[in-house]
$ cat my_file.cif   # mmCIF, C-alpha atoms
data_query
#
loop_
_atom_site.label_atom_id
_atom_site.label_comp_id
_atom_site.auth_asym_id
_atom_site.auth_seq_id
_atom_site.Cartn_x
_atom_site.Cartn_y
_atom_site.Cartn_z
CA MET H 8 -53.63 -38.78 -6.31
CA VAL H 9 -50.55 -37.83 -8.23
CA THR H 10 -48.43 -34.89 -7.00
CA ALA H 11 -46.48 -32.96 -9.60
CA VAL H 12 -42.85 -32.50 -8.72
CA PRO H 13 -41.12 -29.59 -10.39
CA SER H 14 -38.22 -30.48 -12.61
CA PRO H 15 -34.81 -29.71 -11.05
CA SER H 16 -33.98 -27.62 -14.10
CA LEU H 17 -36.97 -25.37 -13.41
CA ARG H 18 -36.13 -24.65 -9.79
CA ALA H 19 -34.89 -21.18 -8.97
CA PRO H 20 -31.15 -21.11 -8.31
CA ALA H 21 -30.16 -21.04 -4.66
CA ARG H 22 -29.42 -17.55 -3.42
CA PRO H 23 -25.77 -17.26 -2.42
CA ARG H 24 -25.09 -16.72 1.25
CA PHE H 25 -23.60 -13.47 2.53
CA PRO H 26 -24.37 -11.43 -0.62
CA ALA H 27 -22.94 -8.31 1.00
CA VAL H 28 -19.37 -9.60 0.59
CA ARG H 29 -19.68 -10.78 -3.01
CA HIS H 30 -18.04 -7.64 -4.41
CA LEU H 31 -15.66 -7.09 -1.49
CA GLY H 32 -12.35 -7.04 -3.35
CA PRO H 33 -8.76 -7.14 -2.06
CA ASN H 34 -8.54 -3.37 -2.59
CA TRP H 35 -10.37 -2.95 0.73
CA TYR H 36 -7.16 -3.82 2.55
CA GLY H 37 -6.03 -0.31 1.57
CA SER H 38 -8.24 1.05 4.36
CA VAL H 39 -6.33 -1.07 6.90
CA MET H 40 -3.00 0.05 5.49
CA GLY H 41 -3.95 3.72 5.58
CA THR H 42 -5.29 3.53 9.13
CA ALA H 43 -2.20 1.73 10.41
CA ALA H 44 0.00 4.29 8.66
CA VAL H 45 -1.59 7.14 10.63
CA GLY H 46 -0.63 5.44 13.88
CA SER H 47 2.86 4.28 12.90
CA ALA H 48 3.89 7.45 11.08
CA GLY H 49 2.70 9.62 13.96
CA GLY H 50 4.74 7.57 16.40
CA ALA H 51 7.85 7.97 14.21
CA LEU H 52 7.69 11.76 13.92
CA PRO H 53 10.94 13.45 14.97
CA VAL H 54 9.05 16.06 17.01
CA HIS H 55 7.10 15.65 20.24
CA VAL H 56 3.46 16.66 20.28
CA PRO H 57 1.64 16.22 23.62
CA GLY H 58 -1.06 13.57 23.39
CA LEU H 59 -0.19 12.54 19.83
CA ARG H 60 1.22 9.14 20.78
CA THR H 61 -1.97 8.25 22.64
CA VAL H 62 -4.05 9.17 19.61
CA CYS H 63 -1.73 7.17 17.36
CA THR H 64 -2.07 4.13 19.60
CA ALA H 65 -5.87 4.42 19.46
CA VAL H 66 -5.78 4.66 15.67
CA TRP H 67 -3.52 1.59 15.55
CA CYS H 68 -6.08 -0.32 17.65
CA LEU H 69 -8.70 0.70 15.07
CA SER H 70 -6.51 -0.69 12.30
CA LEU H 71 -6.16 -3.98 14.19
CA ALA H 72 -9.95 -4.24 14.52
CA LEU H 73 -10.41 -3.39 10.83
CA LEU H 74 -7.91 -6.06 9.86
CA ALA H 75 -9.73 -8.72 11.89
CA VAL H 76 -13.12 -7.77 10.41
CA LEU H 77 -11.80 -7.62 6.86
CA LEU H 78 -9.97 -10.95 7.11
CA ALA H 79 -13.21 -12.57 8.26
CA ALA H 80 -15.22 -10.88 5.48
CA ARG H 81 -12.71 -11.88 2.83
CA ALA H 82 -12.76 -15.47 4.11
CA LEU H 83 -16.54 -15.49 3.64
CA HIS H 84 -15.99 -14.05 0.17
CA TRP H 85 -13.67 -16.91 -0.80
CA VAL H 86 -15.91 -19.61 0.72
CA HIS H 87 -19.27 -18.45 -0.63
CA HIS H 88 -18.31 -16.45 -3.73
CA ARG H 89 -15.37 -18.39 -5.11
CA ASP H 90 -16.34 -17.56 -8.69
CA GLN H 91 -16.02 -13.86 -7.98
CA ALA H 92 -12.75 -14.39 -6.13
CA ARG H 93 -11.32 -16.21 -9.16
CA ALA H 94 -12.61 -13.43 -11.39
CA HIS H 95 -10.61 -10.93 -9.33
CA LEU H 96 -7.45 -12.97 -9.85
CA LEU H 97 -8.04 -13.08 -13.61
CA ASP H 98 -8.83 -9.37 -13.82
CA PRO H 99 -5.67 -7.31 -14.52
CA ALA H 100 -7.27 -4.32 -12.78
CA ALA H 101 -8.04 -6.25 -9.56
CA ALA H 102 -5.27 -8.86 -9.24
CA PRO H 103 -2.49 -6.40 -8.23
CA PHE H 104 -4.50 -5.47 -5.14
CA TYR H 105 -3.63 -8.84 -3.62
CA GLY H 106 -0.39 -7.15 -2.62
CA CYS H 107 -2.49 -5.05 -0.23
CA LEU H 108 -3.24 -8.10 1.92
CA ALA H 109 0.45 -8.54 2.66
CA MET H 110 0.97 -4.85 3.34
CA ALA H 111 -2.06 -4.69 5.66
CA LEU H 112 -0.67 -7.55 7.74
CA LEU H 113 2.78 -5.97 7.84
CA ALA H 114 1.53 -2.46 8.64
CA VAL H 115 -0.58 -3.60 11.58
CA GLY H 116 2.23 -5.83 12.83
CA GLY H 117 4.81 -3.05 12.62
CA GLY H 118 2.44 -0.67 14.40
CA ALA H 119 2.09 -3.15 17.27
CA LEU H 120 5.79 -2.89 18.03
CA SER H 121 6.09 0.87 17.48
CA VAL H 122 2.97 2.24 19.24
CA GLY H 123 0.64 -0.64 20.10
CA ARG H 124 2.95 -1.89 22.87
CA ASP H 125 1.91 1.12 24.97
CA TRP H 126 -1.52 -0.47 25.48
CA ILE H 127 -1.10 -4.21 24.94
CA GLY H 128 2.36 -4.62 26.48
CA ALA H 129 5.79 -5.27 25.01
CA SER H 130 5.63 -9.08 24.93
CA PRO H 131 2.18 -9.35 23.27
CA ALA H 132 3.20 -6.65 20.81
CA LEU H 133 6.35 -8.57 19.89
CA ALA H 134 4.38 -11.81 19.48
CA LEU H 135 1.73 -10.10 17.32
CA ASP H 136 4.36 -8.41 15.15
CA THR H 137 6.24 -11.69 14.71
CA VAL H 138 3.12 -13.51 13.53
CA LEU H 139 1.92 -10.74 11.23
CA PHE H 140 5.40 -10.04 9.85
CA THR H 141 5.92 -13.71 9.02
CA ALA H 142 2.50 -14.06 7.40
CA GLY H 143 2.73 -10.72 5.58
CA THR H 144 6.20 -11.46 4.23
CA ALA H 145 5.15 -14.88 2.96
CA VAL H 146 2.02 -13.49 1.30
CA GLY H 147 4.00 -10.58 -0.15
CA LEU H 148 6.66 -12.78 -1.73
CA VAL H 149 3.99 -15.05 -3.22
CA ALA H 150 2.10 -12.04 -4.60
CA ALA H 151 5.30 -10.53 -6.01
CA VAL H 152 5.74 -13.66 -8.14
CA THR H 153 2.17 -14.80 -8.77
CA VAL H 154 0.54 -11.55 -9.84
CA PRO H 155 3.19 -10.60 -12.45
CA TYR H 156 3.03 -14.21 -13.69
CA LEU H 157 -0.75 -13.96 -14.14
CA MET H 158 -0.36 -10.62 -15.87
CA ALA H 159 2.21 -12.05 -18.27
CA VAL H 160 0.54 -15.39 -19.00
CA HIS H 161 -3.21 -15.16 -18.41
CA HIS H 162 -4.16 -11.49 -18.57
CA ARG H 163 -4.53 -9.68 -21.86
CA ILE H 164 -3.14 -6.21 -21.30
CA GLU H 165 -2.84 -3.25 -23.64
CA PRO H 166 -0.14 -0.58 -23.16
CA HIS H 167 -2.74 2.08 -22.31
CA GLN H 168 -3.88 -0.03 -19.32
CA ALA H 169 -0.67 0.55 -17.36
CA THR H 170 -1.42 2.20 -14.01
CA PRO H 171 0.44 2.66 -10.71
CA VAL H 172 -1.71 -0.19 -9.33
CA TRP H 173 0.77 -2.54 -11.04
CA LEU H 174 3.31 -1.58 -8.36
CA LEU H 175 1.28 -2.97 -5.45
CA PRO H 176 2.42 -6.62 -5.52
CA VAL H 177 6.10 -5.79 -5.94
CA VAL H 178 6.09 -3.10 -3.22
CA ALA H 179 4.94 -5.55 -0.53
CA PRO H 180 8.48 -7.00 0.00
CA MET H 181 9.75 -3.45 0.49
CA VAL H 182 7.36 -3.06 3.42
CA SER H 183 8.84 -6.23 4.90
CA ALA H 184 12.31 -4.79 4.34
CA ALA H 185 11.38 -1.62 6.22
CA LEU H 186 9.66 -3.30 9.19
CA GLY H 187 11.83 -6.39 9.60
CA PRO H 188 14.86 -4.62 11.13
CA ALA H 189 12.77 -3.72 14.19
CA LEU H 190 12.70 -7.44 15.02
CA VAL H 191 16.45 -7.93 14.61
CA ALA H 192 17.36 -6.86 18.15
CA HIS H 193 14.90 -9.42 19.58
CA LEU H 194 16.78 -12.34 18.00
CA PRO H 195 19.91 -14.06 19.37
CA ALA H 196 23.14 -12.39 18.30
CA GLY H 197 24.99 -13.91 15.38
CA GLN H 198 23.46 -15.93 12.57
CA ALA H 199 19.83 -15.20 13.44
CA ARG H 200 20.23 -11.42 13.43
CA GLN H 201 22.40 -11.38 10.34
CA THR H 202 20.03 -13.64 8.42
CA LEU H 203 16.98 -11.51 9.14
CA LEU H 204 18.75 -8.23 8.41
CA LEU H 205 20.34 -9.39 5.17
CA GLY H 206 17.06 -11.05 4.19
CA CYS H 207 15.43 -7.64 4.54
CA VAL H 208 18.18 -6.13 2.39
CA ALA H 209 17.50 -8.79 -0.26
CA MET H 210 13.79 -7.93 -0.24
CA PHE H 211 14.76 -4.27 -0.53
CA GLY H 212 16.69 -5.12 -3.69
CA LEU H 213 14.08 -7.30 -5.36
CA SER H 214 11.32 -4.76 -4.72
CA LEU H 215 13.42 -1.81 -5.83
CA LEU H 216 14.52 -3.42 -9.09
CA ALA H 217 10.98 -4.59 -9.88
CA THR H 218 9.71 -1.06 -9.25
CA LEU H 219 12.36 0.41 -11.53
CA ALA H 220 11.21 -2.00 -14.26
CA LEU H 221 7.52 -1.08 -13.93
CA LEU H 222 7.66 2.65 -13.23
CA PRO H 223 8.78 3.64 -16.77
CA LEU H 224 5.72 1.81 -18.15
CA VAL H 225 3.45 3.89 -15.93
CA LEU H 226 5.13 7.19 -16.77
CA GLY H 227 5.24 6.30 -20.47
CA ARG H 228 1.51 5.56 -20.46
CA LEU H 229 0.81 8.99 -18.92
CA LEU H 230 2.92 10.80 -21.50
CA ILE H 231 1.63 8.89 -24.52
CA ALA H 232 -2.00 8.04 -23.70
CA GLY H 233 -2.81 11.03 -21.51
CA PRO H 234 -4.15 11.33 -17.94
CA LEU H 235 -5.68 8.39 -16.10
CA PRO H 236 -9.48 8.04 -15.85
CA LEU H 237 -10.88 10.25 -13.09
CA ALA H 238 -11.53 7.41 -10.63
CA LEU H 239 -7.97 6.11 -11.03
CA THR H 240 -6.22 9.47 -10.69
CA PRO H 241 -5.61 9.07 -6.92
CA THR H 242 -3.58 5.93 -7.67
CA LEU H 243 -0.78 8.19 -8.88
CA PHE H 244 0.09 8.56 -5.20
CA LEU H 245 0.92 4.84 -5.09
CA VAL H 246 4.26 5.68 -6.71
CA LEU H 247 5.22 7.37 -3.45
CA GLY H 248 4.99 3.99 -1.70
CA PRO H 249 8.22 2.40 -2.95
CA LEU H 250 10.01 5.75 -2.71
CA GLY H 251 9.10 6.50 0.89
CA GLN H 252 9.25 2.87 2.01
CA SER H 253 12.71 2.29 0.55
CA THR H 254 13.99 5.43 2.29
CA THR H 255 12.45 4.16 5.52
CA ALA H 256 14.06 0.76 4.98
CA ALA H 257 17.50 2.30 4.41
CA GLY H 258 17.19 4.18 7.69
CA ALA H 259 16.04 1.01 9.48
CA PHE H 260 19.07 -0.88 8.14
CA ALA H 261 21.33 1.80 9.57
CA ASP H 262 19.64 1.50 12.97
CA ALA H 263 19.86 -2.30 13.14
CA ALA H 264 23.19 -3.01 11.42
CA PRO H 265 25.62 -2.05 14.23
CA GLY H 266 24.17 -4.74 16.51
CA ALA H 267 23.92 -7.39 13.81
CA LEU H 268 26.80 -7.05 11.34
CA PRO H 269 30.55 -6.74 11.91
CA ALA H 270 32.57 -3.71 10.88
CA PRO H 271 32.69 -2.05 8.45
CA TYR H 272 29.15 -3.02 7.38
CA GLY H 273 27.51 -1.69 10.52
CA SER H 274 28.67 1.86 9.87
CA ALA H 275 28.37 1.56 6.07
CA PHE H 276 24.58 1.31 6.29
CA ALA H 277 24.50 4.70 8.05
CA ALA H 278 26.16 6.29 5.03
CA PHE H 279 23.88 4.37 2.68
CA ALA H 280 20.78 5.66 4.49
CA VAL H 281 21.75 9.25 3.68
CA LEU H 282 23.29 8.76 0.24
CA TYR H 283 20.27 6.77 -0.93
CA GLY H 284 17.50 8.48 0.99
CA VAL H 285 18.24 12.11 0.12
CA PRO H 286 17.94 11.82 -3.70
CA VAL H 287 15.02 9.38 -3.51
CA MET H 288 13.10 11.65 -1.16
CA GLY H 289 13.80 14.50 -3.55
CA PHE H 290 12.14 12.55 -6.36
CA ALA H 291 9.27 11.71 -3.99
CA VAL H 292 8.62 15.42 -3.44
CA LEU H 293 8.66 15.97 -7.21
CA TRP H 294 6.19 13.11 -7.79
CA PHE H 295 3.98 14.36 -4.94
CA ALA H 296 3.64 17.71 -6.69
CA PHE H 297 3.00 16.03 -10.06
CA ALA H 298 0.35 13.68 -8.65
CA ALA H 299 -1.31 16.47 -6.66
CA ALA H 300 -1.63 18.59 -9.80
CA GLN H 301 -3.29 15.66 -11.58
CA VAL H 302 -5.72 15.20 -8.68
CA VAL H 303 -6.65 18.89 -8.75
CA ARG H 304 -7.32 18.59 -12.48
CA ALA H 305 -9.46 15.51 -11.93
CA GLY H 306 -11.37 17.23 -9.13
CA ARG H 307 -12.27 20.10 -11.43
CA ARG H 308 -13.60 17.58 -13.94
CA GLY H 309 -15.92 15.94 -11.43
CA MET H 310 -13.86 13.21 -9.76
CA GLY H 311 -16.04 11.64 -7.07
CA PHE H 312 -15.20 9.38 -4.17
CA ALA H 313 -13.95 5.87 -4.86
CA MET H 314 -11.94 3.39 -2.82
CA THR H 315 -8.90 4.65 -4.74
CA TRP H 316 -8.93 7.61 -2.34
CA TRP H 317 -7.12 5.35 0.14
CA SER H 318 -4.12 5.78 -2.19
CA PHE H 319 -3.69 9.18 -0.52
CA THR H 320 -2.89 7.54 2.83
CA PHE H 321 -0.39 4.68 3.10
CA PRO H 322 2.03 5.96 0.39
CA VAL H 323 2.13 9.37 2.04
CA GLY H 324 2.67 7.64 5.38
CA THR H 325 5.77 5.92 3.99
CA CYS H 326 7.13 9.32 3.00
CA VAL H 327 6.51 10.53 6.56
CA THR H 328 8.57 7.67 7.98
CA GLY H 329 11.19 8.16 5.26
CA ALA H 330 11.56 11.87 6.06
CA SER H 331 11.67 11.01 9.77
CA ALA H 332 14.50 8.54 9.13
CA LEU H 333 16.44 11.20 7.23
CA ALA H 334 15.86 13.69 10.05
CA ARG H 335 17.20 11.10 12.50
CA HIS H 336 20.35 10.41 10.49
CA THR H 337 21.11 13.91 9.16
CA HIS H 338 19.84 16.01 12.11
CA LEU H 339 18.51 18.54 9.59
CA ALA H 340 15.46 20.61 10.51
CA VAL H 341 14.27 20.60 6.91
CA TYR H 342 13.47 16.88 7.11
CA GLU H 343 11.70 17.37 10.42
CA GLY H 344 9.52 20.02 8.77
CA LEU H 345 8.91 17.79 5.76
CA ALA H 346 7.83 14.90 7.98
CA VAL H 347 5.39 17.10 9.92
CA ALA H 348 3.93 18.64 6.74
CA LEU H 349 3.43 15.24 5.11
CA TYR H 350 1.85 13.88 8.28
CA ALA H 351 -0.68 16.71 8.20
CA VAL H 352 -1.53 15.72 4.62
CA LEU H 353 -1.82 12.09 5.72
CA VAL H 354 -4.25 12.86 8.55
CA VAL H 355 -6.50 15.02 6.37
CA SER H 356 -6.49 12.43 3.58
CA TRP H 357 -7.25 9.60 6.00
CA ALA H 358 -10.15 11.52 7.55
CA ALA H 359 -11.65 12.26 4.12
CA ALA H 360 -11.31 8.67 2.92
CA ALA H 361 -12.64 7.24 6.20
CA VAL H 362 -15.74 9.48 6.28
CA HIS H 363 -16.66 8.73 2.67
CA THR H 364 -16.04 5.01 3.16
CA ALA H 365 -18.29 4.94 6.23
CA ARG H 366 -21.03 6.73 4.29
CA GLY H 367 -20.68 4.29 1.40
CA LEU H 368 -20.95 1.31 3.75
CA VAL H 369 -24.05 2.68 5.46
CA SER H 370 -25.74 3.40 2.12
CA GLY H 371 -24.58 0.09 0.63
CA ALA H 372 -23.15 1.82 -2.44
CA LEU H 373 -19.60 0.56 -1.92
CA LEU H 374 -20.65 -3.08 -1.67
CA ALA H 375 -22.99 -3.01 -4.65
CA ALA H 376 -22.09 -4.58 -7.97
CA PRO H 377 -19.79 -2.25 -9.90
CA ARG H 378 -21.29 -0.38 -12.81
CA PRO H 379 -19.35 0.19 -16.02
CA ALA H 380 -17.79 3.62 -15.92
CA PRO H 381 -18.69 5.91 -18.82
CA ALA H 382 -15.87 6.52 -21.22
CA GLU H 383 -14.11 9.76 -20.49
CA PRO H 384 -13.60 11.93 -23.56
CA ARG H 385 -9.96 12.22 -24.41
CA PRO H 386 -8.67 15.58 -25.61
CA ALA H 387 -7.33 15.67 -29.12
CA ARG H 388 -3.60 16.03 -29.35
CA ALA H 389 -1.97 17.82 -32.22
CA ARG H 390 1.42 16.50 -33.21
CA THR H 391 3.88 18.06 -35.62
CA THR H 392 5.80 15.99 -38.12
CA SER H 393 8.57 16.82 -40.49
CA GLY H 394 7.13 18.32 -43.63
CA ALA H 395 3.90 19.48 -41.95
CA ALA H 396 2.42 22.74 -43.16
CA ARG H 397 3.51 25.72 -41.15
#
$ encode --input "my_file.cif" --output "structure tokens"
Amino acid sequence: MVTAVPSPSLRAPARPRFPAVRHLGPNWYGSVMGTAAVGSAGGALPVHVPGLRTVCTAVWCLSLALLAVLLAARALHWVHHRDQARAHLLDPAAAPFYGCLAMALLAVGGGALSVGRDWIGASPALALDTVLFTAGTAVGLVAAVTVPYLMAVHHRIEPHQATPVWLLPVVAPMVSAALGPALVAHLPAGQARQTLLLGCVAMFGLSLLATLALLPLVLGRLLIAGPLPLALTPTLFLVLGPLGQSTTAAGAFADAAPGALPAPYGSAFAAFAVLYGVPVMGFAVLWFAFAAAQVVRAGRRGMGFAMTWWSFTFPVGTCVTGASALARHTHLAVYEGLAVALYAVLVVSWAAAAVHTARGLVSGALLAAPRPAPAEPRPARARTTSGAAR
């Protein structure tokens, strides 16, 4: 008796393991960033609200759990769906989100030292922040170089594709610059403290200059090509990230410099925190109003939920900590009020994004293969030229 053996070429392809994580992109780290921001920003508010710190610590614990789950899921993604992971790196719309990994690590680490220590203890909080700050800074610096390199060499980008998402990889070092000074006092006096503090100042500079190079491209695209697609409209709030985070960093430098640097540099950072932070926060308020108007327009045109809604959280949280730093260094009530108002926006935005994300996970819609978005009709624009009929 002869048994027929099917040809290997006719066998059905093996089903990939863990199909649920195949389309789990790096943009999901935005949920960790936004959750950590609620805890850290609430703990930094210049006003005392009974019970708020306890709630903020609980939210930080949630962000720590989310980070652990997401790191495990993304590891499965890279092991079992390496083709899709490489596709994300070669996609100019997805690659910038690798900066979110660094910022998620940094945000959770910074929250451990600011509010998490209330529950886990000061020494474990310091150890956790040290590990996550080191890892997040390393990942952020690599992303700040690698992603722009891929965009310049391997990606094929048209001018109309410029979006605020491009800022994500270069903003990550600014988060390190803002959170690093909290570790300065835990180092031995002298070279160690000075090296960490000035290293944070260097990351402040590289992130700020890179942002100033990219931001005109984003604004120019809006003015020339028109509004962003509806699903991408919330990403306009990402511009607030480098603005609020740099203001926060300047305030953190002023807090840490007296114990790390000799005169006159220790006191000079206090002046820098105000002279830099006040005008930058003014522009942040202007951009907040501009982005909010665009979101209202998109909402009227049918903008539905997407993971881009998490753009409403972490960037606003950086503005909360930036306004809190200005309130601390200027003692002006207006910055206290601004910090409280922005924190209210942050909490509402986080709740909306979290509820919709939970619904999408339960239904499976958020982990399904993405469908091509229908082209949004662009309004005709009339332009006048010299010699045109009047």
$ closest_residue --input "my_file.cif" --among "H:Leu230, H:Val354, H:Ala179, H:Cys63" --to "Cys107 (chain H)" --atoms "only C-alpha atoms"
H:Ala179
$ axis_aligned_box --input "my_file.cif" --around "region 204-208 of chain H" --padding-each-side "5 Å" --output "JSON"
{"center_x": 17.9, "center_y": -8.6, "center_z": 5.4, "size_x": 14.9, "size_y": 14.9, "size_z": 16.0}
$ closest_residue --input "my_file.cif" --among "H:Phe321, H:Tyr36, H:Tyr350, H:Trp173" --to "Leu74 (chain H)" --atoms "only C-alpha atoms"
H:Tyr36
$ closest_residue --input "my_file.cif" --among "H:Trp316, H:Ala334, H:Leu339, H:Val225" --to "Ala359 (chain H)" --atoms "all atoms listed in the file"
H:Trp316
$ residues_around --input "my_file.cif" --residues "Leu157 (chain H)" --least-positions-apart "2" --cutoff "10 Å" --atoms "only C-alpha atoms" --output "number ranges by chain"
H: 96-99, 102-103, 152-155, 159-163
$ atom_distance --input "my_file.cif" --atom1 "CA of Pro180 (chain H)" --atom2 "CA of Leu71 (chain H)"
20.6 Å
$ resolve_selection --input "my_file.cif" --expression "the PyMOL selection byres ((chain H and resi 212) around 12)" --output "ChimeraX atom specification"
/H:177-178,180-185,205-211,213-219,249,253,256-257
$ resolve_selection --input "my_file.cif" --expression "the PyMOL selection byres ((chain H and resi 79-85) around 12)" --output "number ranges by chain"
H: 23-36, 72-78, 86-96, 105, 108, 374
$ resolve_selection --input "my_file.cif" --expression "the PyMOL selection byres ((chain H and resi 145) around 12)" --output "count of residues only"
24
$ closest_residue --input "my_file.cif" --among "H:Gly284, H:Gly37, H:Pro171, H:Gly248" --to "Ala360 (chain H)" --atoms "all atoms listed in the file"
H:Gly37
$ residues_near_point --input "my_file.cif" --point "(-0.6, 9.3, 8.8)" --cutoff "8 Å" --atoms "all atoms listed in the file" --output "PyMOL selection string"
chain H and resi 41-49+320-321+323-324+327+350-354+357
$ closest_residue --input "my_file.cif" --among "H:Ala132, H:Ala305, H:Val56, H:Ala275" --to "Thr240 (chain H)" --atoms "all atoms listed in the file"
H:Ala305
$ atom_distance --input "my_file.cif" --atom1 "CA of Phe319 (chain H)" --atom2 "CA of Leu239 (chain H)"
11.8 Å
$ atom_distance --input "my_file.cif" --atom1 "CA of Leu186 (chain H)" --atom2 "CA of Ser70 (chain H)"
16.7 Å
$ residues_around --input "my_file.cif" --residues "Pro269 (chain H)" --least-positions-apart "6" --cutoff "12 Å" --atoms "all atoms listed in the file" --output "PDB file with C-alpha atoms, in the coordinates of the input"
ATOM      1  CA  ALA H 196      23.140 -12.390  18.300  1.00  0.00           C
ATOM      2  CA  GLY H 197      24.990 -13.910  15.380  1.00  0.00           C
ATOM      3  CA  GLN H 198      23.460 -15.930  12.570  1.00  0.00           C
ATOM      4  CA  ARG H 200      20.230 -11.420  13.430  1.00  0.00           C
ATOM      5  CA  GLN H 201      22.400 -11.380  10.340  1.00  0.00           C
ATOM      6  CA  ALA H 263      19.860  -2.300  13.140  1.00  0.00           C
ATOM      7  CA  ALA H 275      28.370   1.560   6.070  1.00  0.00           C
ATOM      8  CA  PHE H 276      24.580   1.310   6.290  1.00  0.00           C
TER       9      PHE H 276
END
$ closest_residue --input "my_file.cif" --among "H:Gly187, H:Phe297, H:Leu345, H:Ala111" --to "Pro234 (chain H)" --atoms "only C-alpha atoms"
H:Phe297
$ closest_atom_pairs --input "my_file.cif" --of "region 184-300 of chain H" --to "region 306-309 of chain H" --cutoff "10 Å" --atoms "all atoms listed in the file" --output "CSV"
residue,atom,partner,partner_atom,distance
H:Leu237,CA,H:Gly309,CA,7.8
H:Ala238,CA,H:Gly309,CA,9.6
H:Thr240,CA,H:Gly306,CA,9.4
H:Ala300,CA,H:Gly306,CA,9.9
$ residues_around --input "my_file.cif" --residues "Gly50 (chain H)" --least-positions-apart "5" --cutoff "8 Å" --atoms "all atoms listed in the file" --output "PyMOL selection string"
chain H and resi 59-60+63+121-122
$ build_atoms --input "my_file.cif" --residues "region 250-264 of chain H" --atoms "N, CA and C atoms" --output "PDB file, in the coordinates of the input"
ATOM      1  N   LEU H 250       9.017   4.709  -2.976  1.00  0.00           N
ATOM      2  CA  LEU H 250      10.010   5.750  -2.710  1.00  0.00           C
ATOM      3  C   LEU H 250      10.158   5.992  -1.214  1.00  0.00           C
ATOM      4  N   GLY H 251       9.042   6.252  -0.544  1.00  0.00           N
ATOM      5  CA  GLY H 251       9.100   6.500   0.890  1.00  0.00           C
ATOM      6  C   GLY H 251       9.482   5.262   1.682  1.00  0.00           C
ATOM      7  N   GLN H 252       8.966   4.092   1.257  1.00  0.00           N
ATOM      8  CA  GLN H 252       9.250   2.870   2.010  1.00  0.00           C
ATOM      9  C   GLN H 252      10.698   2.449   1.873  1.00  0.00           C
ATOM     10  N   SER H 253      11.299   2.647   0.707  1.00  0.00           N
ATOM     11  CA  SER H 253      12.710   2.290   0.550  1.00  0.00           C
ATOM     12  C   SER H 253      13.603   3.225   1.355  1.00  0.00           C
ATOM     13  N   THR H 254      13.239   4.506   1.442  1.00  0.00           N
ATOM     14  CA  THR H 254      13.990   5.430   2.290  1.00  0.00           C
ATOM     15  C   THR H 254      13.867   5.038   3.755  1.00  0.00           C
ATOM     16  N   THR H 255      12.659   4.643   4.156  1.00  0.00           N
ATOM     17  CA  THR H 255      12.450   4.160   5.520  1.00  0.00           C
ATOM     18  C   THR H 255      13.280   2.913   5.781  1.00  0.00           C
ATOM     19  N   ALA H 256      13.298   2.000   4.810  1.00  0.00           N
ATOM     20  CA  ALA H 256      14.060   0.760   4.980  1.00  0.00           C
ATOM     21  C   ALA H 256      15.552   1.052   5.118  1.00  0.00           C
ATOM     22  N   ALA H 257      16.078   1.964   4.307  1.00  0.00           N
ATOM     23  CA  ALA H 257      17.500   2.300   4.410  1.00  0.00           C
ATOM     24  C   ALA H 257      17.841   2.834   5.788  1.00  0.00           C
ATOM     25  N   GLY H 258      16.961   3.675   6.339  1.00  0.00           N
ATOM     26  CA  GLY H 258      17.190   4.180   7.690  1.00  0.00           C
ATOM     27  C   GLY H 258      17.100   3.074   8.732  1.00  0.00           C
ATOM     28  N   ALA H 259      16.173   2.128   8.531  1.00  0.00           N
ATOM     29  CA  ALA H 259      16.040   1.010   9.480  1.00  0.00           C
ATOM     30  C   ALA H 259      17.269   0.105   9.428  1.00  0.00           C
ATOM     31  N   PHE H 260      17.836  -0.092   8.234  1.00  0.00           N
ATOM     32  CA  PHE H 260      19.070  -0.880   8.140  1.00  0.00           C
ATOM     33  C   PHE H 260      20.186  -0.227   8.949  1.00  0.00           C
ATOM     34  N   ALA H 261      20.285   1.084   8.844  1.00  0.00           N
ATOM     35  CA  ALA H 261      21.330   1.800   9.570  1.00  0.00           C
ATOM     36  C   ALA H 261      21.151   1.679  11.074  1.00  0.00           C
ATOM     37  N   ASP H 262      19.889   1.632  11.529  1.00  0.00           N
ATOM     38  CA  ASP H 262      19.640   1.500  12.970  1.00  0.00           C
ATOM     39  C   ASP H 262      19.982   0.108  13.484  1.00  0.00           C
ATOM     40  N   ALA H 263      19.699  -0.921  12.668  1.00  0.00           N
ATOM     41  CA  ALA H 263      19.860  -2.300  13.140  1.00  0.00           C
ATOM     42  C   ALA H 263      21.229  -2.884  12.853  1.00  0.00           C
ATOM     43  N   ALA H 264      21.942  -2.377  11.853  1.00  0.00           N
ATOM     44  CA  ALA H 264      23.190  -3.010  11.420  1.00  0.00           C
ATOM     45  C   ALA H 264      24.281  -3.048  12.476  1.00  0.00           C
TER      46      ALA H 264
END
